[in-house]
$ cat input07.cif   # mmCIF, C-alpha atoms
data_model
loop_
_atom_site.label_atom_id
_atom_site.label_comp_id
_atom_site.auth_asym_id
_atom_site.auth_seq_id
_atom_site.Cartn_x
_atom_site.Cartn_y
_atom_site.Cartn_z
CA MET F 257 74.02 9.81 116.86
CA THR F 258 76.57 12.54 116.51
CA TYR F 259 75.49 15.97 115.37
CA THR F 260 77.57 16.83 112.36
CA ARG F 261 77.26 20.12 110.59
CA ARG F 262 75.18 18.42 107.86
CA THR F 263 72.60 16.80 110.16
CA THR F 264 72.19 20.02 112.09
CA PHE F 265 71.27 21.84 108.90
CA LYS F 266 68.79 19.10 107.97
CA LEU F 267 67.13 19.25 111.39
CA ALA F 268 66.87 23.00 111.31
CA PHE F 269 65.37 22.95 107.82
CA GLY F 270 62.82 20.28 108.78
CA ALA F 271 61.72 22.25 111.81
CA THR F 272 61.28 25.39 109.73
CA VAL F 273 59.08 23.59 107.18
CA LEU F 274 56.97 22.02 109.93
CA ALA F 275 56.50 25.34 111.68
CA ALA F 276 55.52 27.09 108.45
CA LEU F 277 52.97 24.49 107.28
CA PRO F 278 49.97 25.15 109.54
CA PHE F 279 50.36 28.88 109.04
CA SER F 280 50.29 28.65 105.25
CA ALA F 281 47.22 26.38 105.41
CA ARG F 282 45.41 29.03 107.48
CA ALA F 283 46.54 31.85 105.23
CA ASP F 284 45.17 29.94 102.24
CA ALA F 285 41.72 29.73 103.84
CA ALA F 286 41.74 33.50 104.36
CA GLU F 287 43.01 34.12 100.82
CA ASP F 288 40.27 31.85 99.44
CA ALA F 289 37.67 33.84 101.36
CA ILE F 290 39.11 37.11 100.00
CA ALA F 291 39.21 35.76 96.45
CA ALA F 292 35.60 34.56 96.73
CA PHE F 293 34.55 38.10 97.70
CA THR F 294 36.69 40.09 95.26
CA GLY F 295 36.68 37.63 92.38
CA GLY F 296 40.46 37.88 92.24
CA ALA F 297 40.63 41.67 91.87
CA THR F 298 43.48 43.41 93.66
CA PRO F 299 42.04 45.70 96.33
CA GLY F 300 43.24 49.27 96.83
CA THR F 301 43.95 50.78 100.24
CA GLU F 302 42.26 54.20 100.18
CA GLY F 303 38.81 54.94 101.57
CA ILE F 304 38.42 52.31 104.23
CA THR F 305 39.18 52.43 107.91
CA LEU F 306 39.35 49.50 110.28
CA THR F 307 39.59 50.19 113.99
CA ALA F 308 40.59 47.37 116.29
CA PRO F 309 42.49 47.29 119.58
CA GLU F 310 46.24 46.62 119.31
CA ILE F 311 46.04 44.26 122.25
CA ALA F 312 42.91 42.29 123.11
CA GLU F 313 43.09 40.71 126.54
CA ASN F 314 40.07 38.54 125.87
CA GLY F 315 39.76 37.03 122.40
CA ASN F 316 36.09 36.23 123.02
CA THR F 317 34.92 39.80 122.50
CA VAL F 318 37.12 42.07 120.44
CA PRO F 319 35.42 45.34 119.42
CA ILE F 320 35.83 46.11 115.72
CA ASP F 321 34.76 49.26 113.86
CA VAL F 322 34.80 49.40 110.11
CA ALA F 323 33.89 52.29 107.83
CA ALA F 324 34.10 52.62 104.05
CA PRO F 325 32.15 55.64 102.78
CA GLY F 326 30.10 54.76 99.73
CA ALA F 327 30.69 51.02 99.93
CA VAL F 328 28.08 48.50 98.81
CA SER F 329 29.23 45.83 101.22
CA ILE F 330 32.06 45.14 103.63
CA LEU F 331 33.61 41.76 104.38
CA LEU F 332 35.29 41.32 107.75
CA LEU F 333 37.88 38.55 108.11
CA ALA F 334 39.82 37.13 111.03
CA THR F 335 42.69 35.51 109.14
CA GLY F 336 43.93 33.36 112.02
CA ASN F 337 40.58 31.80 112.98
CA PRO F 338 39.60 28.22 112.06
CA VAL F 339 36.91 29.82 109.87
CA PRO F 340 38.28 33.16 108.63
CA ASP F 341 34.96 34.79 107.69
CA ALA F 342 33.53 36.92 110.50
CA ALA F 343 30.74 39.00 108.97
CA THR F 344 29.52 40.58 105.75
CA PHE F 345 27.70 43.92 105.98
CA SER F 346 25.48 44.84 103.01
CA PHE F 347 24.21 48.40 103.11
CA GLY F 348 20.74 49.33 101.89
CA PRO F 349 19.40 52.64 100.55
CA LEU F 350 18.66 54.00 104.05
CA ALA F 351 22.10 53.38 105.54
CA ALA F 352 23.31 56.83 106.61
CA ALA F 353 26.96 55.77 106.67
CA GLN F 354 28.63 52.68 105.32
CA ALA F 355 30.01 51.90 108.72
CA ALA F 356 29.33 49.35 111.43
CA SER F 357 30.65 48.16 114.76
CA THR F 358 30.49 44.71 116.23
CA ARG F 359 32.37 42.33 118.51
CA ILE F 360 34.19 39.31 117.18
CA ARG F 361 36.10 36.28 118.45
CA LEU F 362 39.80 35.90 117.73
CA ALA F 363 41.41 32.49 118.30
CA LYS F 364 44.94 33.89 118.62
CA THR F 365 47.14 36.85 117.72
CA GLN F 366 46.40 37.57 114.09
CA THR F 367 45.60 40.11 111.40
CA VAL F 368 42.03 41.32 111.02
CA VAL F 369 41.15 42.30 107.45
CA ALA F 370 38.25 44.36 106.10
CA ILE F 371 37.48 44.53 102.39
CA ALA F 372 34.85 46.87 100.97
CA LYS F 373 33.15 46.50 97.63
CA MET F 374 32.56 49.86 95.95
CA PRO F 375 29.64 50.67 93.60
CA ASP F 376 32.01 50.79 90.59
CA GLY F 377 33.07 47.19 91.25
CA SER F 378 36.46 48.00 92.75
CA PHE F 379 37.62 46.85 96.15
CA VAL F 380 39.51 48.47 99.00
CA GLN F 381 41.19 46.70 101.87
CA ALA F 382 42.43 47.58 105.33
CA SER F 383 44.07 45.35 107.89
CA GLN F 384 45.33 45.51 111.44
CA GLU F 385 47.18 43.10 113.67
CA VAL F 386 45.55 42.33 117.01
CA LYS F 387 47.56 40.71 119.78
CA VAL F 388 45.36 38.28 121.71
CA THR F 389 46.21 37.30 125.27
CA ILE F 390 43.48 34.67 125.77
CA GLY F 391 42.11 33.01 122.64
CA GLY F 392 38.41 33.02 121.97
CA CYS F 393 37.53 29.62 120.54
CA GLY F 394 37.36 27.47 123.67
CA GLY F 395 38.98 24.05 124.08
CA MET E 190 15.78 28.86 121.02
CA ASP E 191 14.48 30.05 124.36
CA ASN E 192 15.71 33.01 126.39
CA VAL E 193 16.66 35.06 123.37
CA THR E 194 15.95 38.71 124.10
CA PRO E 195 16.60 41.40 121.54
CA ARG E 196 17.45 44.86 122.81
CA VAL E 197 17.55 47.83 120.48
CA ARG E 198 18.31 51.48 121.11
CA VAL E 199 16.82 53.99 118.66
CA PRO E 200 16.18 57.70 119.33
CA LYS E 201 12.47 58.50 119.78
CA THR E 202 12.57 61.56 117.56
CA ALA E 203 14.71 62.87 114.72
CA SER E 204 14.60 65.57 112.08
CA ALA E 205 13.87 64.56 108.48
CA GLY E 206 16.90 63.12 106.70
CA GLU E 207 18.94 62.98 109.88
CA ALA E 208 21.49 60.21 110.36
CA ILE E 209 20.76 58.38 113.58
CA LEU E 210 22.82 55.82 115.44
CA ILE E 211 21.21 52.46 116.13
CA LYS E 212 22.60 49.96 118.63
CA THR E 213 21.35 46.39 118.80
CA LEU E 214 22.14 43.57 121.17
CA ILE E 215 20.57 40.13 121.36
CA SER E 216 21.20 37.54 124.04
CA HIS E 217 22.35 34.39 122.27
CA PRO E 218 25.16 31.90 123.02
CA MET E 219 26.47 31.90 119.39
CA GLU E 220 27.87 28.38 119.80
CA SER E 221 30.71 28.33 117.27
CA GLY E 222 30.86 24.61 116.50
CA GLN E 223 34.55 24.63 117.48
CA ARG E 224 34.20 23.98 121.19
CA LYS E 225 34.20 20.57 122.87
CA ASP E 226 32.29 19.48 125.96
CA SER E 227 33.88 17.72 128.95
CA ASP E 228 33.67 14.35 127.14
CA GLY E 229 35.54 15.65 124.12
CA ASN E 230 32.50 15.76 121.83
CA ILE E 231 32.14 18.77 119.60
CA ILE E 232 29.24 21.02 120.63
CA PRO E 233 27.22 21.58 117.43
CA ARG E 234 27.13 25.02 115.84
CA GLU E 235 24.15 27.15 116.87
CA ILE E 236 24.41 30.78 115.84
CA ILE E 237 22.40 33.67 114.48
CA ASN E 238 23.50 33.72 110.86
CA ARG E 239 21.76 36.83 109.55
CA PHE E 240 20.51 40.19 110.80
CA THR E 241 18.49 42.75 108.89
CA CYS E 242 17.23 46.21 109.69
CA ASP E 243 14.48 47.83 107.60
CA PHE E 244 12.69 51.17 107.87
CA ASN E 245 9.15 51.35 106.40
CA GLY E 246 10.05 48.43 104.12
CA GLN E 247 13.34 49.89 102.88
CA ASN E 248 16.55 48.14 103.80
CA VAL E 249 19.12 49.80 106.04
CA VAL E 250 21.62 47.02 106.57
CA ASP E 251 21.79 43.27 106.00
CA VAL E 252 24.51 41.44 107.91
CA LYS E 253 25.67 37.88 107.26
CA MET E 254 27.14 36.56 110.48
CA GLU E 255 29.65 33.75 110.97
CA PRO E 256 30.72 31.82 114.09
CA ALA E 257 33.44 34.43 114.72
CA ILE E 258 30.79 36.84 116.02
CA SER E 259 30.88 37.00 119.82
CA THR E 260 28.27 35.71 122.24
CA ASN E 261 25.34 38.14 122.55
CA PRO E 262 25.93 39.71 119.13
CA TYR E 263 26.22 43.48 119.22
CA LEU E 264 25.80 45.62 116.14
CA GLU E 265 25.99 49.37 115.72
CA PHE E 266 25.22 51.26 112.51
CA GLN E 267 23.66 54.47 111.18
CA ALA E 268 20.37 54.99 109.41
CA THR E 269 18.70 57.86 107.57
CA VAL E 270 15.12 58.66 108.57
CA PRO E 271 13.22 60.41 105.74
CA GLU E 272 9.86 60.36 107.56
CA SER E 273 8.12 59.07 110.68
CA GLY E 274 7.87 55.31 110.72
CA THR E 275 8.95 52.02 112.15
CA PHE E 276 12.27 50.25 112.23
CA THR E 277 12.00 46.47 111.98
CA PHE E 278 14.90 44.39 113.25
CA THR E 279 15.10 40.71 112.36
CA TRP E 280 17.54 38.04 113.51
CA TYR E 281 17.67 34.61 111.83
CA ASP E 282 18.80 31.64 113.91
CA ASP E 283 20.49 28.46 112.60
CA ASP E 284 17.60 26.41 114.03
CA GLY E 285 15.05 28.31 111.92
CA SER E 286 13.84 30.64 114.67
CA VAL E 287 13.32 34.26 113.73
CA TYR E 288 13.45 36.99 116.36
CA THR E 289 12.01 40.41 115.61
CA ASP E 290 11.80 43.76 117.32
CA THR E 291 10.30 47.05 116.17
CA LYS E 292 10.92 50.64 117.16
CA ASP E 293 8.88 53.70 116.18
CA ILE E 294 10.50 57.00 115.45
CA ALA E 295 8.78 60.37 115.01
CA VAL E 296 10.11 62.97 112.62
CA GLY E 297 9.13 66.46 113.68
#
$ encode --input "input07.cif" --output "structure tokens"
Amino acid sequence: MTYTRRTTFKLAFGATVLAALPFSARADAAEDAIAAFTGGATPGTEGITLTAPEIAENGNTVPIDVAAPGAVSILLLATGNPVPDAATFSFGPLAAAQAASTRIRLAKTQTVVAIAKMPDGSFVQASQEVKVTIGGCGG
Amino acid sequence: MDNVTPRVRVPKTASAGEAILIKTLISHPMESGQRKDSDGNIIPREIINRFTCDFNGQNVVDVKMEPAISTNPYLEFQATVPESGTFTFTWYDDDGSVYTDTKDIAVG
């Protein structure tokens, strides 16, 4: 087979579509999880902080801090994991600060997202990309 | 599950209304349900799926946990102590086990 200009374009296009497919499937799972939490509302960006390392050498334990003063609950998502949900924190009347720290698994380099539900029914969102050297989901 | 040991760090004393930092750790494999054994069979999911902390019957925090939480789940949060009393920490396992720990705190 000779590589004409036309076939080269076709090959390149096919490769692009193939490469994009698994990513969009993953992103959909994360978007579904966000939509299930927010009910489709568009989250704001003020009033929530998400602290995660820029580079995590070991994806098995990545320390994550999240704080959203006044929030009712906070959803933590790892958008690139096979199951994007990581944890949901619901704060009771004796919570001194609507903040929590934990350690999560990240399968690969990805964006970690935190969404807080406020008492007035609005939502705020923060996200950060974490580069993962060794993935944390095992073989 | 056997060999599950909760460890909790709470200050022994506080002043009324003070915000205190609570750190909890529990030894648990948190098997994600994604891993395979040497024969290629998927190891079934076995995690702690919920954690709650209460003080004298009032809720402080209620956490729903997913397989993305690391082995030996660690949680850190802040609580207000209005009076002397007892913190109750409860972990709920997928297999139905419930692990609890309590810590007393004196307000003076």
$ closest_atom_pairs --input "input07.cif" --of "chain F" --to "chain E" --cutoff "7 Å" --atoms "only C-alpha atoms" --output "tab-separated table"
residue	atom	partner	partner_atom	distance
F:Asn316	CA	E:Ser259	CA	6.2
F:Thr317	CA	E:Ser259	CA	5.6
F:Asp341	CA	E:Glu255	CA	6.3
F:Ala342	CA	E:Ala257	CA	4.9
F:Ala343	CA	E:Met254	CA	4.6
F:Thr344	CA	E:Lys253	CA	4.9
F:Phe345	CA	E:Val252	CA	4.5
F:Ser346	CA	E:Asp251	CA	5.0
F:Phe347	CA	E:Val250	CA	4.5
F:Gly348	CA	E:Val249	CA	4.5
F:Pro349	CA	E:Val249	CA	6.2
F:Leu350	CA	E:Val249	CA	4.7
F:Ala351	CA	E:Ala268	CA	4.5
F:Ala352	CA	E:Ala268	CA	4.5
F:Ala353	CA	E:Gln267	CA	5.7
F:Ala355	CA	E:Phe266	CA	6.1
F:Ala356	CA	E:Phe266	CA	4.7
F:Ser357	CA	E:Glu265	CA	4.9
F:Thr358	CA	E:Leu264	CA	4.8
F:Arg359	CA	E:Ser259	CA	5.7
F:Ile360	CA	E:Ile258	CA	4.4
F:Arg361	CA	E:Ala257	CA	4.9
F:Cys393	CA	E:Gln223	CA	6.6
F:Gly394	CA	E:Arg224	CA	5.3
F:Gly395	CA	E:Arg224	CA	5.6
$ resolve_selection --input "input07.cif" --expression "the PyMOL selection byres ((chain F and resi 379) around 12)" --output "PyMOL selection string"
chain F and resi 290-291+293-304+324+326-331+370-378+380-382
$ atom_distance --input "input07.cif" --atom1 "atom CA of E:Pro200" --atom2 "atom CA of E:Thr291"
12.6 Å
$ axis_aligned_box --input "input07.cif" --around "stretch 231-243 of chain E" --padding-each-side "8 Å" --output "JSON"
{"center_x": 23.3, "center_y": 33.3, "center_z": 114.1, "size_x": 33.7, "size_y": 45.1, "size_z": 29.0}
$ resolve_selection --input "input07.cif" --expression "the PyMOL selection byres ((chain E and resi 287) around 12)" --output "JSON list (two decimals) with C-alpha atoms, keeping the file's coordinate frame"
[["chain", "number", "residue", "atom", "x", "y", "z"],
["E", 190, "MET", "CA", 15.78, 28.86, 121.02],
["E", 191, "ASP", "CA", 14.48, 30.05, 124.36],
["E", 193, "VAL", "CA", 16.66, 35.06, 123.37],
["E", 194, "THR", "CA", 15.95, 38.71, 124.10],
["E", 195, "PRO", "CA", 16.60, 41.40, 121.54],
["E", 236, "ILE", "CA", 24.41, 30.78, 115.84],
["E", 237, "ILE", "CA", 22.40, 33.67, 114.48],
["E", 238, "ASN", "CA", 23.50, 33.72, 110.86],
["E", 239, "ARG", "CA", 21.76, 36.83, 109.55],
["E", 240, "PHE", "CA", 20.51, 40.19, 110.80],
["E", 241, "THR", "CA", 18.49, 42.75, 108.89],
["E", 278, "PHE", "CA", 14.90, 44.39, 113.25],
["E", 279, "THR", "CA", 15.10, 40.71, 112.36],
["E", 280, "TRP", "CA", 17.54, 38.04, 113.51],
["E", 281, "TYR", "CA", 17.67, 34.61, 111.83],
["E", 282, "ASP", "CA", 18.80, 31.64, 113.91],
["E", 283, "ASP", "CA", 20.49, 28.46, 112.60],
["E", 284, "ASP", "CA", 17.60, 26.41, 114.03],
["E", 285, "GLY", "CA", 15.05, 28.31, 111.92],
["E", 286, "SER", "CA", 13.84, 30.64, 114.67],
["E", 288, "TYR", "CA", 13.45, 36.99, 116.36],
["E", 289, "THR", "CA", 12.01, 40.41, 115.61],
["E", 290, "ASP", "CA", 11.80, 43.76, 117.32]]
$ atom_distance --input "input07.cif" --atom1 "atom CA of F:Pro340" --atom2 "atom CA of E:Asn192"
28.7 Å
$ atom_distance --input "input07.cif" --atom1 "atom CA of F:Ile390" --atom2 "atom CA of E:Asn230"
22.2 Å
$ residues_near_point --input "input07.cif" --point "(39.4, 50.1, 115.1)" --cutoff "12 Å" --atoms "all atoms listed in the file" --output "list in words"
Ile304, Thr305, Leu306, Thr307, Ala308, Pro309, Glu310, Ile311, Ala312, Val318, Pro319, Ile320, Asp321, Val322, Ala323, Ala355, Ala356, Ser357, Thr358, Arg359, Val368, Val369, Ala370, Ala382, Ser383, Gln384, Glu385 and Val386 of chain F
$ write_last_selection --input "input07.cif" --atoms "C-alpha atoms" --output "compact mmCIF listing (two decimals), in the coordinates of the input"
# COMPACT_ATOMS: atom_id res chain seq x y z
CA ILE F 304 38.42 52.31 104.23
CA THR F 305 39.18 52.43 107.91
CA LEU F 306 39.35 49.50 110.28
CA THR F 307 39.59 50.19 113.99
CA ALA F 308 40.59 47.37 116.29
CA PRO F 309 42.49 47.29 119.58
CA GLU F 310 46.24 46.62 119.31
CA ILE F 311 46.04 44.26 122.25
CA ALA F 312 42.91 42.29 123.11
CA VAL F 318 37.12 42.07 120.44
CA PRO F 319 35.42 45.34 119.42
CA ILE F 320 35.83 46.11 115.72
CA ASP F 321 34.76 49.26 113.86
CA VAL F 322 34.80 49.40 110.11
CA ALA F 323 33.89 52.29 107.83
CA ALA F 355 30.01 51.90 108.72
CA ALA F 356 29.33 49.35 111.43
CA SER F 357 30.65 48.16 114.76
CA THR F 358 30.49 44.71 116.23
CA ARG F 359 32.37 42.33 118.51
CA VAL F 368 42.03 41.32 111.02
CA VAL F 369 41.15 42.30 107.45
CA ALA F 370 38.25 44.36 106.10
CA ALA F 382 42.43 47.58 105.33
CA SER F 383 44.07 45.35 107.89
CA GLN F 384 45.33 45.51 111.44
CA GLU F 385 47.18 43.10 113.67
CA VAL F 386 45.55 42.33 117.01
$ decode --input "input07.cif" --residues "stretch 218-239 of chain E" --atoms "N, CA, C and O atoms" --output "CSV table (one decimal), in the first residue's frame"
chain,number,residue,atom,x,y,z
E,218,PRO,N,-7.4,-3.0,54.8
E,218,PRO,CA,-6.8,-3.0,53.5
E,218,PRO,C,-7.5,-2.2,52.4
E,218,PRO,O,-6.9,-1.8,51.4
E,219,MET,N,-8.8,-1.9,52.6
E,219,MET,CA,-9.6,-1.1,51.6
E,219,MET,C,-9.4,-1.7,50.2
E,219,MET,O,-9.0,-1.0,49.2
E,220,GLU,N,-9.7,-3.0,50.1
E,220,GLU,CA,-9.6,-3.6,48.8
E,220,GLU,C,-10.5,-3.0,47.8
E,220,GLU,O,-11.8,-3.0,48.0
E,221,SER,N,-10.0,-2.5,46.7
E,221,SER,CA,-10.8,-1.6,45.8
E,221,SER,C,-11.8,-2.3,44.9
E,221,SER,O,-12.7,-1.7,44.3
E,222,GLY,N,-11.6,-3.6,44.7
E,222,GLY,CA,-12.4,-4.3,43.7
E,222,GLY,C,-11.9,-4.1,42.3
E,222,GLY,O,-12.5,-4.6,41.3
E,223,GLN,N,-10.7,-3.5,42.1
E,223,GLN,CA,-10.2,-3.3,40.8
E,223,GLN,C,-8.9,-4.1,40.6
E,223,GLN,O,-8.5,-4.4,39.4
E,224,ARG,N,-8.4,-4.6,41.7
E,224,ARG,CA,-7.1,-5.4,41.5
E,224,ARG,C,-7.4,-6.8,41.2
E,224,ARG,O,-8.5,-7.4,41.4
E,225,LYS,N,-6.4,-7.5,40.5
E,225,LYS,CA,-6.5,-8.9,40.2
E,225,LYS,C,-5.4,-9.7,40.9
E,225,LYS,O,-4.3,-9.1,41.2
E,226,ASP,N,-5.7,-10.9,41.3
E,226,ASP,CA,-4.7,-11.8,41.9
E,226,ASP,C,-3.8,-12.4,40.8
E,226,ASP,O,-3.9,-12.1,39.7
E,227,SER,N,-2.9,-13.3,41.3
E,227,SER,CA,-1.9,-13.8,40.3
E,227,SER,C,-2.5,-14.7,39.2
E,227,SER,O,-1.9,-14.9,38.2
E,228,ASP,N,-3.8,-15.2,39.5
E,228,ASP,CA,-4.4,-16.0,38.5
E,228,ASP,C,-5.3,-15.1,37.6
E,228,ASP,O,-6.0,-15.7,36.7
E,229,GLY,N,-5.3,-13.8,37.8
E,229,GLY,CA,-6.1,-13.0,36.9
E,229,GLY,C,-7.6,-12.8,37.4
E,229,GLY,O,-8.4,-12.2,36.7
E,230,ASN,N,-7.9,-13.3,38.5
E,230,ASN,CA,-9.3,-13.2,39.1
E,230,ASN,C,-9.3,-11.8,39.8
E,230,ASN,O,-8.4,-11.5,40.5
E,231,ILE,N,-10.5,-11.2,39.7
E,231,ILE,CA,-10.6,-9.9,40.4
E,231,ILE,C,-10.8,-10.2,41.9
E,231,ILE,O,-11.6,-11.0,42.3
E,232,ILE,N,-10.1,-9.5,42.7
E,232,ILE,CA,-10.2,-9.6,44.1
E,232,ILE,C,-11.4,-8.8,44.5
E,232,ILE,O,-11.5,-7.6,44.2
E,233,PRO,N,-12.4,-9.4,45.2
E,233,PRO,CA,-13.7,-8.6,45.5
E,233,PRO,C,-13.5,-7.4,46.4
E,233,PRO,O,-12.6,-7.4,47.2
E,234,ARG,N,-14.3,-6.4,46.1
E,234,ARG,CA,-14.3,-5.2,46.9
E,234,ARG,C,-14.5,-5.5,48.4
E,234,ARG,O,-15.4,-6.3,48.7
E,235,GLU,N,-13.7,-4.8,49.2
E,235,GLU,CA,-13.9,-5.0,50.7
E,235,GLU,C,-13.4,-3.7,51.3
E,235,GLU,O,-12.2,-3.6,51.6
E,236,ILE,N,-14.2,-2.7,51.5
E,236,ILE,CA,-13.8,-1.4,52.0
E,236,ILE,C,-14.6,-1.0,53.2
E,236,ILE,O,-15.7,-1.6,53.5
E,237,ILE,N,-14.2,0.0,53.9
E,237,ILE,CA,-15.0,0.7,54.9
E,237,ILE,C,-15.8,1.8,54.1
E,237,ILE,O,-15.1,2.6,53.4
E,238,ASN,N,-17.1,1.7,54.1
E,238,ASN,CA,-17.8,2.6,53.2
E,238,ASN,C,-18.4,3.9,53.9
E,238,ASN,O,-18.9,4.7,53.3
E,239,ARG,N,-18.3,3.9,55.3
E,239,ARG,CA,-18.9,5.1,56.0
E,239,ARG,C,-18.2,5.3,57.3
E,239,ARG,O,-17.8,4.3,57.9
